[in-house]
$ cat my_file_21.pdb   # PDB, C-alpha atoms
MODEL        1
ATOM      1  CA  MET N   1      25.494   6.925 -12.826
ATOM      2  CA  ASP N   2      28.458   5.936 -10.701
ATOM      3  CA  GLU N   3      29.376   8.031  -7.665
ATOM      4  CA  ARG N   4      32.472   9.677  -9.176
ATOM      5  CA  LYS N   5      30.699  10.598 -12.412
ATOM      6  CA  GLN N   6      27.787  12.062 -10.463
ATOM      7  CA  ALA N   7      30.103  14.108  -8.224
ATOM      8  CA  TRP N   8      31.850  15.657 -11.273
ATOM      9  CA  SER N   9      28.639  16.285 -13.251
ATOM     10  CA  GLU N  10      27.328  19.826 -13.718
ATOM     11  CA  GLU N  11      24.823  19.196 -10.917
ATOM     12  CA  GLY N  12      27.166  17.187  -8.669
ATOM     13  CA  TRP N  13      28.650  18.609  -5.475
ATOM     14  CA  LEU N  14      32.186  18.725  -6.912
ATOM     15  CA  GLY N  15      31.385  19.560 -10.539
ATOM     16  CA  SER N  16      29.110  22.468  -9.645
ATOM     17  CA  TRP N  17      31.722  23.854  -7.235
ATOM     18  CA  VAL N  18      34.677  23.532  -9.659
ATOM     19  CA  ARG N  19      32.682  25.306 -12.379
ATOM     20  CA  THR N  20      32.574  28.459 -10.227
ATOM     21  CA  PHE N  21      36.354  28.970 -10.597
ATOM     22  CA  PRO N  22      38.027  30.628 -13.577
ATOM     23  CA  ALA N  23      40.122  28.280 -15.694
ATOM     24  CA  LEU N  24      42.966  30.817 -15.733
ATOM     25  CA  ALA N  25      43.891  33.312 -13.047
ATOM     26  CA  LYS N  26      46.403  36.110 -12.830
ATOM     27  CA  VAL N  27      47.527  37.013  -9.322
ATOM     28  CA  ASP N  28      49.826  40.006  -9.215
ATOM     29  CA  ASN N  29      52.273  39.228 -12.031
ATOM     30  CA  VAL N  30      51.825  35.429 -12.074
ATOM     31  CA  LEU N  31      49.503  33.655 -14.507
ATOM     32  CA  PHE N  32      48.130  30.313 -13.303
ATOM     33  CA  SER N  33      46.802  27.778 -15.803
ATOM     34  CA  HIS N  34      45.940  24.113 -15.586
ATOM     35  CA  ALA N  35      47.816  23.156 -18.761
ATOM     36  CA  GLY N  36      49.042  26.480 -20.175
ATOM     37  CA  LEU N  37      47.506  29.283 -22.211
ATOM     38  CA  PRO N  38      48.022  28.811 -25.952
ATOM     39  CA  LEU N  39      48.750  32.077 -27.761
ATOM     40  CA  LYS N  40      45.960  31.497 -30.308
ATOM     41  CA  PHE N  41      43.366  32.310 -27.627
ATOM     42  CA  LEU N  42      44.809  35.804 -27.198
ATOM     43  CA  GLU N  43      44.791  36.734 -30.875
ATOM     44  CA  GLY N  44      43.159  39.993 -31.891
ATOM     45  CA  GLU N  45      41.738  41.797 -28.908
ATOM     46  CA  HIS N  46      41.007  38.682 -26.819
ATOM     47  CA  THR N  47      41.833  38.821 -23.129
ATOM     48  CA  LEU N  48      42.198  36.442 -20.218
ATOM     49  CA  ASP N  49      38.590  37.236 -19.265
ATOM     50  CA  ASP N  50      37.480  36.221 -22.767
ATOM     51  CA  VAL N  51      39.233  32.866 -22.433
ATOM     52  CA  ASN N  52      37.634  32.271 -19.021
ATOM     53  CA  ASP N  53      34.183  33.260 -20.344
ATOM     54  CA  GLY N  54      34.638  30.934 -23.321
ATOM     55  CA  ILE N  55      35.661  28.002 -21.147
ATOM     56  CA  ALA N  56      32.752  28.628 -18.759
ATOM     57  CA  MET N  57      30.407  28.521 -21.758
ATOM     58  CA  ALA N  58      32.049  25.371 -23.111
ATOM     59  CA  ILE N  59      31.696  23.389 -19.871
ATOM     60  CA  SER N  60      28.336  24.812 -18.729
ATOM     61  CA  PRO N  61      26.446  26.173 -21.738
ATOM     62  CA  GLY N  62      23.334  26.838 -19.658
ATOM     63  CA  ASN N  63      25.187  29.189 -17.293
ATOM     64  CA  ALA N  64      27.158  31.236 -19.823
ATOM     65  CA  ASN N  65      27.081  35.018 -19.863
ATOM     66  CA  GLU N  66      26.452  36.990 -23.055
ATOM     67  CA  ARG N  67      30.169  37.470 -23.743
ATOM     68  CA  GLY N  68      30.753  33.719 -23.485
ATOM     69  CA  LYS N  69      27.900  33.044 -25.919
ATOM     70  CA  ALA N  70      29.318  35.553 -28.410
ATOM     71  CA  LEU N  71      32.809  34.066 -28.129
ATOM     72  CA  MET N  72      31.517  30.566 -28.871
ATOM     73  CA  GLN N  73      30.503  31.809 -32.333
ATOM     74  CA  GLU N  74      34.188  32.285 -33.205
ATOM     75  CA  SER N  75      35.974  29.169 -34.456
ATOM     76  CA  SER N  76      38.981  29.755 -32.172
ATOM     77  CA  PHE N  77      36.626  29.779 -29.181
ATOM     78  CA  SER N  78      34.514  26.774 -30.133
ATOM     79  CA  GLN N  79      33.853  24.149 -27.496
ATOM     80  CA  ARG N  80      36.181  21.803 -29.372
ATOM     81  CA  ALA N  81      39.025  24.384 -29.455
ATOM     82  CA  LEU N  82      38.676  25.348 -25.790
ATOM     83  CA  LEU N  83      38.253  21.849 -24.373
ATOM     84  CA  GLY N  84      40.341  19.914 -26.906
ATOM     85  CA  ASP N  85      43.928  18.671 -26.777
ATOM     86  CA  SER N  86      45.298  22.086 -27.762
ATOM     87  CA  GLY N  87      43.170  24.120 -25.361
ATOM     88  CA  PRO N  88      44.086  25.655 -21.984
ATOM     89  CA  LEU N  89      42.916  22.597 -20.034
ATOM     90  CA  TRP N  90      44.708  19.850 -21.972
ATOM     91  CA  THR N  91      47.608  21.217 -24.020
ATOM     92  CA  ARG N  92      51.075  19.862 -23.395
ATOM     93  CA  PHE N  93      52.801  22.528 -25.503
ATOM     94  CA  TYR N  94      54.633  24.094 -22.560
ATOM     95  CA  SER N  95      55.747  20.810 -21.027
ATOM     96  CA  LYS N  96      57.490  19.373 -24.086
ATOM     97  CA  ARG N  97      61.243  19.488 -23.660
ATOM     98  CA  GLY N  98      63.327  20.765 -26.539
ATOM     99  CA  ASN N  99      60.583  22.844 -28.188
ATOM    100  CA  PRO N 100      62.602  25.714 -29.735
ATOM    101  CA  SER N 101      59.631  28.097 -30.137
ATOM    102  CA  MET N 102      58.098  27.562 -26.702
ATOM    103  CA  CYS N 103      59.954  30.329 -24.822
ATOM    104  CA  SER N 104      59.178  32.949 -27.469
ATOM    105  CA  VAL N 105      55.498  31.939 -27.484
ATOM    106  CA  LEU N 106      55.493  32.088 -23.683
ATOM    107  CA  ARG N 107      56.999  35.606 -23.751
ATOM    108  CA  GLU N 108      54.202  36.749 -26.064
ATOM    109  CA  VAL N 109      51.500  35.203 -23.840
ATOM    110  CA  LEU N 110      53.020  36.833 -20.751
ATOM    111  CA  GLU N 111      53.241  40.198 -22.494
ATOM    112  CA  ARG N 112      49.617  40.057 -23.650
ATOM    113  CA  THR N 113      48.390  39.110 -20.175
ATOM    114  CA  GLY N 114      50.651  41.508 -18.273
ATOM    115  CA  ALA N 115      52.301  38.653 -16.383
ATOM    116  CA  HIS N 116      55.979  37.880 -15.722
ATOM    117  CA  ARG N 117      55.616  34.154 -15.082
ATOM    118  CA  MET N 118      53.188  31.310 -15.838
ATOM    119  CA  VAL N 119      52.626  28.352 -13.509
ATOM    120  CA  VAL N 120      51.298  25.209 -15.198
ATOM    121  CA  GLY N 121      50.141  21.865 -13.819
ATOM    122  CA  HIS N 122      48.662  18.967 -15.799
ATOM    123  CA  THR N 123      51.891  17.230 -16.885
ATOM    124  CA  ILE N 124      53.801  15.381 -14.174
ATOM    125  CA  GLN N 125      57.423  16.473 -13.837
ATOM    126  CA  TYR N 126      59.748  13.595 -13.037
ATOM    127  CA  SER N 127      63.379  12.833 -13.758
ATOM    128  CA  SER N 128      65.424   9.827 -12.686
ATOM    129  CA  LYS N 129      68.014  12.234 -11.275
ATOM    130  CA  ASP N 130      65.737  14.576  -9.261
ATOM    131  CA  GLY N 131      62.506  12.619  -8.825
ATOM    132  CA  PHE N 132      59.270  14.596  -8.713
ATOM    133  CA  LYS N 133      60.222  18.288  -8.740
ATOM    134  CA  VAL N 134      58.861  21.588 -10.010
ATOM    135  CA  ARG N 135      60.737  22.325 -13.231
ATOM    136  CA  PRO N 136      61.498  25.914 -14.224
ATOM    137  CA  ASP N 137      61.993  26.733 -17.888
ATOM    138  CA  CYS N 138      62.534  29.829 -20.035
ATOM    139  CA  GLY N 139      64.662  31.553 -17.424
ATOM    140  CA  GLY N 140      62.131  30.871 -14.669
ATOM    141  CA  ARG N 141      59.262  32.487 -16.600
ATOM    142  CA  LEU N 142      57.568  29.085 -16.778
ATOM    143  CA  LEU N 143      57.111  26.813 -13.771
ATOM    144  CA  LEU N 144      55.943  23.282 -14.561
ATOM    145  CA  ALA N 145      54.466  22.486 -11.193
ATOM    146  CA  ASP N 146      52.807  19.063 -11.349
ATOM    147  CA  THR N 147      54.732  16.844  -8.914
ATOM    148  CA  ALA N 148      52.151  14.030  -8.951
ATOM    149  CA  VAL N 149      50.557  15.009  -5.644
ATOM    150  CA  SER N 150      47.881  12.332  -6.004
ATOM    151  CA  ARG N 151      48.531   9.177  -3.985
ATOM    152  CA  ALA N 152      47.706   7.244  -7.155
ATOM    153  CA  TYR N 153      50.988   8.441  -8.701
ATOM    154  CA  ARG N 154      53.078   8.192  -5.523
ATOM    155  CA  GLY N 155      54.524  11.602  -6.214
ATOM    156  CA  VAL N 156      55.645  14.375  -3.896
ATOM    157  CA  PRO N 157      53.261  16.973  -2.439
ATOM    158  CA  SER N 158      54.469  20.473  -3.264
ATOM    159  CA  TYR N 159      53.456  24.082  -3.510
ATOM    160  CA  ILE N 160      55.046  27.278  -4.740
ATOM    161  CA  GLU N 161      55.501  30.442  -2.706
ATOM    162  CA  HIS N 162      55.836  33.653  -4.741
ATOM    163  CA  ASP N 163      57.375  36.730  -3.143
ATOM    164  CA  GLY N 164      55.678  39.220  -5.493
ATOM    165  CA  GLU N 165      59.021  40.498  -6.765
ATOM    166  CA  GLY N 166      59.992  37.721  -9.197
ATOM    167  CA  GLY N 167      61.285  35.242  -6.655
ATOM    168  CA  ALA N 168      59.621  31.959  -5.853
ATOM    169  CA  VAL N 169      60.342  28.863  -3.811
ATOM    170  CA  ALA N 170      59.140  25.307  -4.440
ATOM    171  CA  VAL N 171      58.216  23.784  -1.088
ATOM    172  CA  TYR N 172      58.170  20.015  -0.567
ATOM    173  CA  PRO N 173      56.660  19.481   2.921
ATOM    174  CA  SER N 174      57.115  15.708   3.016
ATOM    175  CA  LEU N 175      60.800  16.100   2.115
ATOM    176  CA  GLY N 176      61.345  19.061   4.421
ATOM    177  CA  THR N 177      62.955  21.062   1.615
ATOM    178  CA  LYS N 178      62.572  24.377  -0.189
ATOM    179  CA  GLU N 179      64.188  25.152  -3.537
ATOM    180  CA  PRO N 180      64.511  28.650  -5.055
ATOM    181  CA  LEU N 181      62.913  29.230  -8.465
ATOM    182  CA  ASN N 182      64.124  32.705  -9.286
ATOM    183  CA  LEU N 183      63.070  34.636 -12.333
ATOM    184  CA  GLU N 184      65.900  35.726 -14.600
ATOM    185  CA  LEU N 185      65.185  39.265 -15.771
TER     186      LEU N 185
ENDMDL
END
$ encode --input "my_file_21.pdb" --output "structure tokens"
Amino acid sequence: MDERKQAWSEEGWLGSWVRTFPALAKVDNVLFSHAGLPLKFLEGEHTLDDVNDGIAMAISPGNANERGKALMQESSFSQRALLGDSGPLWTRFYSKRGNPSMCSVLREVLERTGAHRMVVGHTIQYSSKDGFKVRPDCGGRLLLADTAVSRAYRGVPSYIEHDGEGGAVAVYPSLGTKEPLNLEL
């Protein structure tokens, strides 16, 4: 097994460490997701904890708790659904420009999770006009935050500061700039 594959395996130093983190996290009123939380995972009485338990089960079946095992019996929480192209780790639903239903779906996800904003990575944000920049959408309720920080993409390192009251700033240390990303209420 090559070095990278071993490091990311369930027993590898990196893979075992990454598997200890939840796939989705809500901090104060901000929901953080790698690729976005599709509404279908919150149907019925399902919660953010259910989605995290299901993903933990899907990526490490041997370490799943009882709730994760029960969730995997539901078709919407199958390993394929959770880890597939339309799941929280790989979907590009929120990053597609011009999707007329996206903002209403986002509002429903935010309401069901008790959040005011969702921050998503996974899909690099680049425009010929602005370069690599965090892109707000849906009145600032969605922040598409992947600015290609990896050297492989030659993007721009960035991070987002939230003030806890709806305001946020995208910080670009290498550019020496900060840009407001306010939430329209």
$ resolve_selection --input "my_file_21.pdb" --expression "the PyMOL selection byres ((chain N and resi 36) around 6)" --output "PyMOL selection string"
chain N and resi 33+35+37+88+120
$ resolve_selection --input "my_file_21.pdb" --expression "the PyMOL selection byres ((chain N and resi 122) around 6)" --output "VMD selection string"
chain N and resid 34 to 35 121 123
$ write_last_selection --input "my_file_21.pdb" --atoms "C-alpha atoms" --output "mmCIF file, keeping the file's coordinate frame"
data_model
loop_
_atom_site.group_PDB
_atom_site.id
_atom_site.type_symbol
_atom_site.label_atom_id
_atom_site.label_comp_id
_atom_site.auth_asym_id
_atom_site.auth_seq_id
_atom_site.Cartn_x
_atom_site.Cartn_y
_atom_site.Cartn_z
ATOM 1 C CA HIS N 34 45.940 24.113 -15.586
ATOM 2 C CA ALA N 35 47.816 23.156 -18.761
ATOM 3 C CA GLY N 121 50.141 21.865 -13.819
ATOM 4 C CA THR N 123 51.891 17.230 -16.885
#
$ atom_distance --input "my_file_21.pdb" --atom1 "CA of Arg135 in chain N" --atom2 "CA of Pro22 in chain N"
24.2 Å
$ residues_around --input "my_file_21.pdb" --residues "Gly131 in chain N" --least-positions-apart "4" --cutoff "12 Å" --atoms "only C-alpha atoms" --output "list in words"
Ile124, Gln125, Tyr126, Ser127, Arg135, Asp146, Thr147, Ala148, Arg154, Gly155, Val156, Tyr172 and Leu175 of chain N
$ resolve_selection --input "my_file_21.pdb" --expression "the PyMOL selection byres ((chain N and resi 77) around 10)" --output "compact mmCIF listing (two decimals) with C-alpha atoms, in the frame of the given file"
# COMPACT_ATOMS: atom_id res chain seq x y z
CA LYS N 40 45.96 31.50 -30.31
CA PHE N 41 43.37 32.31 -27.63
CA ASP N 50 37.48 36.22 -22.77
CA VAL N 51 39.23 32.87 -22.43
CA ASP N 53 34.18 33.26 -20.34
CA GLY N 54 34.64 30.93 -23.32
CA ILE N 55 35.66 28.00 -21.15
CA MET N 57 30.41 28.52 -21.76
CA ALA N 58 32.05 25.37 -23.11
CA GLY N 68 30.75 33.72 -23.48
CA LYS N 69 27.90 33.04 -25.92
CA ALA N 70 29.32 35.55 -28.41
CA LEU N 71 32.81 34.07 -28.13
CA MET N 72 31.52 30.57 -28.87
CA GLN N 73 30.50 31.81 -32.33
CA GLU N 74 34.19 32.28 -33.20
CA SER N 75 35.97 29.17 -34.46
CA SER N 76 38.98 29.76 -32.17
CA SER N 78 34.51 26.77 -30.13
CA GLN N 79 33.85 24.15 -27.50
CA ARG N 80 36.18 21.80 -29.37
CA ALA N 81 39.02 24.38 -29.46
CA LEU N 82 38.68 25.35 -25.79
CA LEU N 83 38.25 21.85 -24.37
CA GLY N 87 43.17 24.12 -25.36
$ atom_distance --input "my_file_21.pdb" --atom1 "CA of Gly139 in chain N" --atom2 "CA of Tyr94 in chain N"
13.5 Å
$ atom_distance --input "my_file_21.pdb" --atom1 "CA of Lys133 in chain N" --atom2 "CA of Arg151 in chain N"
15.6 Å
$ closest_residue --input "my_file_21.pdb" --among "N:Glu66, N:Asp85, N:Asp137, N:Glu43" --to "Val109 in chain N" --atoms "all atoms listed in the file"
N:Glu43
$ residues_around --input "my_file_21.pdb" --residues "Leu48 in chain N" --least-positions-apart "5" --cutoff "9 Å" --atoms "only C-alpha atoms" --output "list in words"
Leu24, Ala25, Lys26, Phe41, Leu42, Asp53, Arg112 and Thr113 of chain N
$ closest_residue --input "my_file_21.pdb" --among "N:Cys138, N:Leu183, N:Leu110, N:Val149" --to "Leu39 in chain N" --atoms "only C-alpha atoms"
N:Leu110
$ closest_residue --input "my_file_21.pdb" --among "N:Asp130, N:Glu108, N:Glu161, N:Glu45" --to "Leu143 in chain N" --atoms "all atoms listed in the file"
N:Glu161
$ closest_residue --input "my_file_21.pdb" --among "N:Pro173, N:Gly167, N:Tyr153, N:His116" --to "Asn29 in chain N" --atoms "only C-alpha atoms"
N:His116
$ closest_residue --input "my_file_21.pdb" --among "N:Ala56, N:Ala115, N:Val105, N:Leu14" --to "Glu165 in chain N" --atoms "only C-alpha atoms"
N:Ala115
